[in-house]
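Asks: Here you go, one structure.
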Amino acid sequence: MTAGPHGALLVVGDVVTDVVALHRGPLAAGTDTAAAIRTLPGGAGANVACWAAHNGCGDVRLLGRVGADAAAWHERELRACGVRPRLVVDPEAPTGTVICLVDAGSAAERTFLTDSGASLRLTAGDWSDGLLDGVDRLHLSGYLLFSESSRALLAAALAATRARGVPVSLDPASAGFLTDLGAARFLALVDGVEVLLPSRDEACLLTGLPDAADAAAALSRRIPLVVTKLGPRGALVARGGAVTARVPAVPAKPRDTTGAGDAFTGAFLAALLVGAAPEAAAAEGCRAGAEAVERVGGRPALKE
């Protein structure tokens with residue numbers, strides 16, 4: 001593969017099928033709740049790659065694992081977004097599926113029901129150091145931490161980036177799964193990551209601190225750059241044990257918050273690749289997050 005003018009971004013992570021159900025008000029237990037339902041391509045890793053390409057990154061590559069049931073569809077959808085996929089087709093497991101229950105009220109908050117399927121069956125055998133040829137940054141989806149086989153791939157990728165001097169970022173991905181994994185184990189597994197992009201809940205969970213700024217500062221004593229996503233309250237940038245910037249959110253009318261954090265991460269990484277400072281990159285992330293919540297699904301609109 002040939003790198004773009006600033007080198008490529010390689011994303012390693014999950015590719016799943018999202019079933020998005022937009023309903024209004026509480027779910028009616030034991031009976032029907034009216035909803036608008038759509039089937040869309042998703043996955044935190046895949047979404048990040050698509051938003052990075054949408055925000056000007058000219059060479060975005062993605063390594064993921066899917067089932068044979070939807071491999072061709074996912075490849076077409078990724079290429080349509082400007083991403084160059086390398087999808088491993090699992091011979092046994094189907095493509096992962098996430099049911100996204102979105103309350104179409106003012107906050108458009110979502111709840112996920114997740115069947116990871118093939119997405120967490122990436123193995124060290126799916127990794128090749130040649131994947132880093134022409135790559136200036138590697139981004140890892142935190143979902144890789146939640147199975148033994150994909151943790152082995154993560155370890156191989158981190159070893160390869162250390163040898164080549166390629167900086168690595170990681171998004172913790174899921175406060176629910178983090179609770180099961182444990183903060184201490186998570187922090188040990190991500191040793192060597194230069195940029196961590198947690199949500200507010202993830203940052204607080206990883207530190208045991210109730211305040212997002214305190215949590216970001218504490219994490220930045222272990223990881224050089226921490227950018228904490230606060231949704232409608234913007235983002236925090238922390239380095240060296242202190243919050244160095246508070247970046248305001250961009251006003252938006254949310255329809256579906258699915259993928260907003262992925263949009264932030266993709267735009268943030270695209271900006272870093274062209275030399276933006278972290279604070280300016282975080283502002284780009286907030287802009288992309290606002291764009292994401294105003295549309296249904298976790299991906300950007302396709303460009304004409």
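A note on labels: chains of the structure tokens are A, B, ... as shown, every chain counts residues from 1, and ligands are counted from 1 in their shown order.
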Quick one: pick out all helix (DSSP H, G or I) residues within region 69-169 of chain A from a backbone DSSP run and write them as JSON, numbers by chain.
Replies: {"A": [71, 72, 73, 74, 75, 76, 77, 78, 79, 80, 117, 118, 119, 120, 121, 124, 125, 126, 129, 130, 131, 132, 142, 143, 144, 145, 146, 148, 149, 150, 151, 152, 153, 154, 155, 156, 157, 158, 159, 160, 161, 162, 163, 164]}
Asks: Please identify the strand (DSSP E) residues within region 174-299 of chain A (assignment by DSSP from backbone atoms) and present them as a PyMOL selection string.
Replies: chain A and resi 195-196+225-229+235-239+242-247
Asks: Nearest to Gly45 (chain A): which of A:Val60, A:Leu302, A:Ile223, A:Ala292 is it, counting only C-alpha atoms?
Replies: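 Among the listed residues, the smallest separation from Gly45 (chain A) belongs to A:Val60.
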Asks: Hey, what's within 7 Å of region 109-113 of chain A if we count only C-alpha atoms and toss same-chain stuff fewer than 5 positions away? As a count of residues only, please?
Replies: 9
Asks: Residues of region 82-192 of chain A that approach region 196-208 of chain A to 12 Å or less, counting only C-alpha atoms: could you list each one with the shortest pair of atoms and its distance in Å to one decimal, rows by chain and increasing residue number, as JSON lines?
Replies:
{"residue": "A:His139", "atom": "CA", "partner": "A:Leu196", "partner_atom": "CA", "distance": 9.9}
{"residue": "A:Leu140", "atom": "CA", "partner": "A:Leu196", "partner_atom": "CA", "distance": 9.9}
{"residue": "A:Ser141", "atom": "CA", "partner": "A:Leu197", "partner_atom": "CA", "distance": 10.2}
{"residue": "A:Gly142", "atom": "CA", "partner": "A:Pro198", "partner_atom": "CA", "distance": 9.6}
{"residue": "A:Pro167", "atom": "CA", "partner": "A:Leu196", "partner_atom": "CA", "distance": 11.4}
{"residue": "A:Val168", "atom": "CA", "partner": "A:Leu196", "partner_atom": "CA", "distance": 8.9}
{"residue": "A:Ser169", "atom": "CA", "partner": "A:Leu196", "partner_atom": "CA", "distance": 5.8}
{"residue": "A:Leu170", "atom": "CA", "partner": "A:Leu196", "partner_atom": "CA", "distance": 5.2}
{"residue": "A:Asp171", "atom": "CA", "partner": "A:Leu197", "partner_atom": "CA", "distance": 4.8}
{"residue": "A:Pro172", "atom": "CA", "partner": "A:Pro198", "partner_atom": "CA", "distance": 5.7}
{"residue": "A:Ala173", "atom": "CA", "partner": "A:Pro198", "partner_atom": "CA", "distance": 7.4}
{"residue": "A:Ser174", "atom": "CA", "partner": "A:Glu202", "partner_atom": "CA", "distance": 7.2}
{"residue": "A:Ala175", "atom": "CA", "partner": "A:Glu202", "partner_atom": "CA", "distance": 5.2}
{"residue": "A:Gly176", "atom": "CA", "partner": "A:Glu202", "partner_atom": "CA", "distance": 8.9}
{"residue": "A:Phe177", "atom": "CA", "partner": "A:Glu202", "partner_atom": "CA", "distance": 10.1}
{"residue": "A:Leu178", "atom": "CA", "partner": "A:Glu202", "partner_atom": "CA", "distance": 7.7}
{"residue": "A:Thr179", "atom": "CA", "partner": "A:Leu205", "partner_atom": "CA", "distance": 7.6}
{"residue": "A:Asp180", "atom": "CA", "partner": "A:Leu205", "partner_atom": "CA", "distance": 11.2}
{"residue": "A:Leu181", "atom": "CA", "partner": "A:Leu206", "partner_atom": "CA", "distance": 10.6}
{"residue": "A:Gly182", "atom": "CA", "partner": "A:Leu206", "partner_atom": "CA", "distance": 8.0}
{"residue": "A:Ala183", "atom": "CA", "partner": "A:Leu206", "partner_atom": "CA", "distance": 4.8}
{"residue": "A:Ala184", "atom": "CA", "partner": "A:Leu206", "partner_atom": "CA", "distance": 7.8}
{"residue": "A:Arg185", "atom": "CA", "partner": "A:Leu206", "partner_atom": "CA", "distance": 9.9}
{"residue": "A:Phe186", "atom": "CA", "partner": "A:Leu206", "partner_atom": "CA", "distance": 8.1}
{"residue": "A:Leu187", "atom": "CA", "partner": "A:Leu206", "partner_atom": "CA", "distance": 8.0}
{"residue": "A:Ala188", "atom": "CA", "partner": "A:Leu206", "partner_atom": "CA", "distance": 11.5}
{"residue": "A:Val190", "atom": "CA", "partner": "A:Leu196", "partner_atom": "CA", "distance": 9.1}
{"residue": "A:Asp191", "atom": "CA", "partner": "A:Leu196", "partner_atom": "CA", "distance": 10.8}
{"residue": "A:Gly192", "atom": "CA", "partner": "A:Leu196", "partner_atom": "CA", "distance": 10.6}
Asks: Quick one: residues within 8 Å of Ala118 (chain A), only C-alpha atoms, excluding same-chain residues fewer than 3 positions away - as a PyMOL selection string?
Replies: chain A and resi 65-67+90+93-96+121-122
Asks: Please provide as a PDB file with N, CA, C and O atoms, in the first residue's frame all residues within 7 Å of region 277-285 of chain A, with the sequence filter that same-chain residues fewer than 3 positions apart are discarded (counting only C-alpha atoms).
Replies:
ATOM      1  N   ALA A 235     -14.654  18.577  25.599  1.00  0.00           N
ATOM      2  CA  ALA A 235     -13.568  17.622  25.844  1.00  0.00           C
ATOM      3  C   ALA A 235     -12.506  18.260  26.716  1.00  0.00           C
ATOM      4  O   ALA A 235     -12.383  19.497  26.792  1.00  0.00           O
ATOM      5  N   VAL A 237      -8.260  18.066  27.560  1.00  0.00           N
ATOM      6  CA  VAL A 237      -6.939  17.606  27.144  1.00  0.00           C
ATOM      7  C   VAL A 237      -6.049  17.636  28.378  1.00  0.00           C
ATOM      8  O   VAL A 237      -5.969  18.664  29.069  1.00  0.00           O
ATOM      9  N   ALA A 245      -6.236  21.909  28.659  1.00  0.00           N
ATOM     10  CA  ALA A 245      -7.214  22.619  27.830  1.00  0.00           C
ATOM     11  C   ALA A 245      -8.597  22.042  28.074  1.00  0.00           C
ATOM     12  O   ALA A 245      -8.760  20.837  28.289  1.00  0.00           O
ATOM     13  N   VAL A 247     -12.007  22.089  25.927  1.00  0.00           N
ATOM     14  CA  VAL A 247     -12.466  22.398  24.569  1.00  0.00           C
ATOM     15  C   VAL A 247     -13.991  22.380  24.559  1.00  0.00           C
ATOM     16  O   VAL A 247     -14.598  21.374  24.945  1.00  0.00           O
ATOM     17  N   ALA A 263     -16.748   9.404  16.065  1.00  0.00           N
ATOM     18  CA  ALA A 263     -16.571  10.559  15.177  1.00  0.00           C
ATOM     19  C   ALA A 263     -15.519  11.496  15.739  1.00  0.00           C
ATOM     20  O   ALA A 263     -14.638  11.989  15.010  1.00  0.00           O
ATOM     21  N   PHE A 264     -15.603  11.764  17.044  1.00  0.00           N
ATOM     22  CA  PHE A 264     -14.595  12.607  17.703  1.00  0.00           C
ATOM     23  C   PHE A 264     -13.206  12.030  17.473  1.00  0.00           C
ATOM     24  O   PHE A 264     -12.282  12.734  17.045  1.00  0.00           O
ATOM     25  N   THR A 265     -13.057  10.737  17.748  1.00  0.00           N
ATOM     26  CA  THR A 265     -11.739  10.108  17.644  1.00  0.00           C
ATOM     27  C   THR A 265     -11.203  10.164  16.219  1.00  0.00           C
ATOM     28  O   THR A 265     -10.029  10.482  15.993  1.00  0.00           O
ATOM     29  N   ALA A 267     -11.924  12.266  13.727  1.00  0.00           N
ATOM     30  CA  ALA A 267     -11.548  13.628  13.341  1.00  0.00           C
ATOM     31  C   ALA A 267     -10.309  14.086  14.101  1.00  0.00           C
ATOM     32  O   ALA A 267      -9.434  14.774  13.541  1.00  0.00           O
ATOM     33  N   PHE A 268     -10.207  13.724  15.373  1.00  0.00           N
ATOM     34  CA  PHE A 268      -9.033  14.064  16.180  1.00  0.00           C
ATOM     35  C   PHE A 268      -7.762  13.481  15.558  1.00  0.00           C
ATOM     36  O   PHE A 268      -6.753  14.180  15.385  1.00  0.00           O
ATOM     37  N   ALA A 271      -6.707  15.148  12.304  1.00  0.00           N
ATOM     38  CA  ALA A 271      -6.057  16.437  12.545  1.00  0.00           C
ATOM     39  C   ALA A 271      -4.625  16.255  13.040  1.00  0.00           C
ATOM     40  O   ALA A 271      -3.701  16.970  12.613  1.00  0.00           O
ATOM     41  N   LEU A 272      -4.414  15.301  13.945  1.00  0.00           N
ATOM     42  CA  LEU A 272      -3.043  15.040  14.417  1.00  0.00           C
ATOM     43  C   LEU A 272      -2.122  14.665  13.264  1.00  0.00           C
ATOM     44  O   LEU A 272      -0.950  15.068  13.226  1.00  0.00           O
ATOM     45  N   ALA A 288     -16.881  17.148  14.746  1.00  0.00           N
ATOM     46  CA  ALA A 288     -17.347  15.903  14.140  1.00  0.00           C
ATOM     47  C   ALA A 288     -18.380  15.205  15.018  1.00  0.00           C
ATOM     48  O   ALA A 288     -19.347  14.622  14.516  1.00  0.00           O
ATOM     49  N   GLY A 289     -18.194  15.269  16.337  1.00  0.00           N
ATOM     50  CA  GLY A 289     -19.174  14.673  17.238  1.00  0.00           C
ATOM     51  C   GLY A 289     -20.539  15.319  17.091  1.00  0.00           C
ATOM     52  O   GLY A 289     -21.574  14.631  17.103  1.00  0.00           O
TER      53      GLY A 289
END
Asks: Tell me, as a PDB file with N, CA and C atoms, in the first residue's frame, which residues lie within 12 Å of Leu132 (chain A), counting only C-alpha atoms; anything in the same chain fewer than 3 positions away does not count.
Replies:
ATOM      1  N   MET A   1       0.833  -1.194   0.000  1.00  0.00           N
ATOM      2  CA  MET A   1       0.000   0.000   0.000  1.00  0.00           C
ATOM      3  C   MET A   1       0.877   1.256   0.000  1.00  0.00           C
ATOM      4  N   THR A   2       0.424   2.272  -0.685  1.00  0.00           N
ATOM      5  CA  THR A   2       1.172   3.523  -0.748  1.00  0.00           C
ATOM      6  C   THR A   2       0.595   4.525   0.228  1.00  0.00           C
ATOM      7  N   ALA A   3       1.421   5.167   1.024  1.00  0.00           N
ATOM      8  CA  ALA A   3       0.956   6.123   2.014  1.00  0.00           C
ATOM      9  C   ALA A   3       0.536   7.420   1.360  1.00  0.00           C
ATOM     10  N   GLY A   7       1.409  10.214   5.466  1.00  0.00           N
ATOM     11  CA  GLY A   7       1.440   8.874   6.010  1.00  0.00           C
ATOM     12  C   GLY A   7       0.042   8.396   6.332  1.00  0.00           C
ATOM     13  N   ALA A   8      -0.084   7.104   6.513  1.00  0.00           N
ATOM     14  CA  ALA A   8      -1.401   6.495   6.683  1.00  0.00           C
ATOM     15  C   ALA A   8      -1.771   6.374   8.152  1.00  0.00           C
ATOM     16  N   LEU A   9      -3.069   6.254   8.370  1.00  0.00           N
ATOM     17  CA  LEU A   9      -3.629   5.869   9.661  1.00  0.00           C
ATOM     18  C   LEU A   9      -4.101   4.426   9.534  1.00  0.00           C
ATOM     19  N   LEU A  10      -3.611   3.563  10.406  1.00  0.00           N
ATOM     20  CA  LEU A  10      -4.090   2.188  10.468  1.00  0.00           C
ATOM     21  C   LEU A  10      -4.956   2.038  11.708  1.00  0.00           C
ATOM     22  N   VAL A  11      -6.174   1.579  11.524  1.00  0.00           N
ATOM     23  CA  VAL A  11      -7.088   1.295  12.626  1.00  0.00           C
ATOM     24  C   VAL A  11      -7.258  -0.216  12.729  1.00  0.00           C
ATOM     25  N   VAL A  12      -7.154  -0.729  13.934  1.00  0.00           N
ATOM     26  CA  VAL A  12      -7.425  -2.139  14.179  1.00  0.00           C
ATOM     27  C   VAL A  12      -8.586  -2.207  15.158  1.00  0.00           C
ATOM     28  N   VAL A  60      -6.511   5.820   4.924  1.00  0.00           N
ATOM     29  CA  VAL A  60      -6.999   5.171   6.141  1.00  0.00           C
ATOM     30  C   VAL A  60      -7.161   3.686   5.865  1.00  0.00           C
ATOM     31  N   ARG A  61      -6.567   2.871   6.703  1.00  0.00           N
ATOM     32  CA  ARG A  61      -6.610   1.421   6.547  1.00  0.00           C
ATOM     33  C   ARG A  61      -7.257   0.812   7.779  1.00  0.00           C
ATOM     34  N   LEU A  62      -7.918  -0.304   7.595  1.00  0.00           N
ATOM     35  CA  LEU A  62      -8.631  -0.936   8.706  1.00  0.00           C
ATOM     36  C   LEU A  62      -8.412  -2.438   8.670  1.00  0.00           C
ATOM     37  N   LEU A  63      -8.010  -2.978   9.814  1.00  0.00           N
ATOM     38  CA  LEU A  63      -7.929  -4.423   9.999  1.00  0.00           C
ATOM     39  C   LEU A  63      -9.053  -4.834  10.939  1.00  0.00           C
ATOM     40  N   TRP A 127      -2.277 -10.502  12.505  1.00  0.00           N
ATOM     41  CA  TRP A 127      -1.381  -9.348  12.471  1.00  0.00           C
ATOM     42  C   TRP A 127      -0.142  -9.671  11.654  1.00  0.00           C
ATOM     43  N   SER A 128       0.323  -8.672  10.917  1.00  0.00           N
ATOM     44  CA  SER A 128       1.609  -8.746  10.222  1.00  0.00           C
ATOM     45  C   SER A 128       2.301  -7.409  10.402  1.00  0.00           C
ATOM     46  N   ASP A 129       3.601  -7.438  10.714  1.00  0.00           N
ATOM     47  CA  ASP A 129       4.319  -6.174  10.886  1.00  0.00           C
ATOM     48  C   ASP A 129       4.288  -5.337   9.614  1.00  0.00           C
ATOM     49  N   VAL A 135       2.738   3.661   7.531  1.00  0.00           N
ATOM     50  CA  VAL A 135       1.777   4.113   8.540  1.00  0.00           C
ATOM     51  C   VAL A 135       2.452   5.092   9.512  1.00  0.00           C
ATOM     52  N   ASP A 136       1.798   6.234   9.736  1.00  0.00           N
ATOM     53  CA  ASP A 136       2.301   7.218  10.691  1.00  0.00           C
ATOM     54  C   ASP A 136       1.653   7.103  12.060  1.00  0.00           C
ATOM     55  N   ARG A 137       0.459   6.508  12.121  1.00  0.00           N
ATOM     56  CA  ARG A 137      -0.234   6.329  13.398  1.00  0.00           C
ATOM     57  C   ARG A 137      -1.035   5.037  13.366  1.00  0.00           C
ATOM     58  N   LEU A 138      -1.069   4.375  14.524  1.00  0.00           N
ATOM     59  CA  LEU A 138      -1.914   3.203  14.717  1.00  0.00           C
ATOM     60  C   LEU A 138      -2.957   3.539  15.764  1.00  0.00           C
ATOM     61  N   HIS A 139      -4.210   3.229  15.451  1.00  0.00           N
ATOM     62  CA  HIS A 139      -5.278   3.393  16.442  1.00  0.00           C
ATOM     63  C   HIS A 139      -5.895   2.040  16.737  1.00  0.00           C
ATOM     64  N   ALA A 156       0.972  -7.954  20.029  1.00  0.00           N
ATOM     65  CA  ALA A 156       1.851  -8.030  18.861  1.00  0.00           C
ATOM     66  C   ALA A 156       1.933  -6.679  18.155  1.00  0.00           C
ATOM     67  N   ALA A 157       0.810  -5.994  18.044  1.00  0.00           N
ATOM     68  CA  ALA A 157       0.800  -4.687  17.388  1.00  0.00           C
ATOM     69  C   ALA A 157       1.618  -3.670  18.176  1.00  0.00           C
ATOM     70  N   LEU A 158       1.481  -3.672  19.504  1.00  0.00           N
ATOM     71  CA  LEU A 158       2.242  -2.723  20.321  1.00  0.00           C
ATOM     72  C   LEU A 158       3.745  -2.998  20.230  1.00  0.00           C
ATOM     73  N   ALA A 159       4.123  -4.261  20.195  1.00  0.00           N
ATOM     74  CA  ALA A 159       5.547  -4.596  20.061  1.00  0.00           C
ATOM     75  C   ALA A 159       6.083  -4.097  18.727  1.00  0.00           C
ATOM     76  N   ALA A 160       5.302  -4.259  17.664  1.00  0.00           N
ATOM     77  CA  ALA A 160       5.746  -3.818  16.341  1.00  0.00           C
ATOM     78  C   ALA A 160       5.859  -2.306  16.256  1.00  0.00           C
ATOM     79  N   THR A 161       4.922  -1.596  16.871  1.00  0.00           N
ATOM     80  CA  THR A 161       4.990  -0.125  16.822  1.00  0.00           C
ATOM     81  C   THR A 161       6.165   0.394  17.631  1.00  0.00           C
ATOM     82  N   ARG A 162       6.456  -0.247  18.736  1.00  0.00           N
ATOM     83  CA  ARG A 162       7.631   0.172  19.517  1.00  0.00           C
ATOM     84  C   ARG A 162       8.897   0.033  18.682  1.00  0.00           C
ATOM     85  N   ALA A 163       9.006  -1.066  17.945  1.00  0.00           N
ATOM     86  CA  ALA A 163      10.198  -1.300  17.134  1.00  0.00           C
ATOM     87  C   ALA A 163      10.332  -0.270  16.019  1.00  0.00           C
ATOM     88  N   ARG A 164       9.212   0.224  15.510  1.00  0.00           N
ATOM     89  CA  ARG A 164       9.238   1.161  14.385  1.00  0.00           C
ATOM     90  C   ARG A 164       9.060   2.615  14.797  1.00  0.00           C
ATOM     91  N   GLY A 165       8.756   2.861  16.064  1.00  0.00           N
ATOM     92  CA  GLY A 165       8.547   4.234  16.510  1.00  0.00           C
ATOM     93  C   GLY A 165       7.242   4.844  16.030  1.00  0.00           C
ATOM     94  N   VAL A 166       6.220   4.016  15.809  1.00  0.00           N
ATOM     95  CA  VAL A 166       4.908   4.498  15.371  1.00  0.00           C
ATOM     96  C   VAL A 166       4.057   4.789  16.600  1.00  0.00           C
ATOM     97  N   PRO A 167       3.528   6.002  16.742  1.00  0.00           N
ATOM     98  CA  PRO A 167       2.693   6.309  17.902  1.00  0.00           C
ATOM     99  C   PRO A 167       1.351   5.590  17.839  1.00  0.00           C
ATOM    100  N   VAL A 168       0.819   5.265  19.028  1.00  0.00           N
ATOM    101  CA  VAL A 168      -0.397   4.468  19.140  1.00  0.00           C
ATOM    102  C   VAL A 168      -1.425   5.207  19.989  1.00  0.00           C
TER     103      VAL A 168
END
Asks: Counting only C-alpha atoms, which of A:Gly64, A:Pro85, A:Gly25, A:Gly266 gets nearest to Asp126 (chain A)?
Replies: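 Ranking A:Gly64, A:Pro85, A:Gly25, A:Gly266 by distance to Asp126 (chain A), first place goes to A:Gly64.
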Asks: Would you mind listing what lies within 12 Å of Cys81 (chain A) as an NGL selection string, with only C-alpha atoms counted and same-chain residues fewer than 6 positions away left out?
Replies: :A and (41 or 46-62 or 74-75 or 299-304)
Asks: Please compute the CA of Arg84 (chain A)-CA of Leu131 (chain A) distance, one decimal, in Å.
Replies: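 Separation of CA of Arg84 (chain A) and CA of Leu131 (chain A): 11.9 Å.
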Asks: So what do you get for CA of Gly231 (chain A) versus CA of Glu291 (chain A), distance-wise?
Replies: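 Separation between CA of Gly231 (chain A) and CA of Glu291 (chain A): 12.1 Å.
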Asks: Given the choices A:Val293, A:Leu273, A:Val88, A:Ala213, which gets closest to Ser119 (chain A) if the distance is worked out from only C-alpha atoms?
Replies: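 Among A:Val293, A:Leu273, A:Val88, A:Ala213, it is A:Val88 that comes nearest to Ser119 (chain A).
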Asks: Just give me the gap between CA of Arg295 (chain A) and CA of Ala29 (chain A) in Å, one decimal is fine.
Replies: 27.4 Å
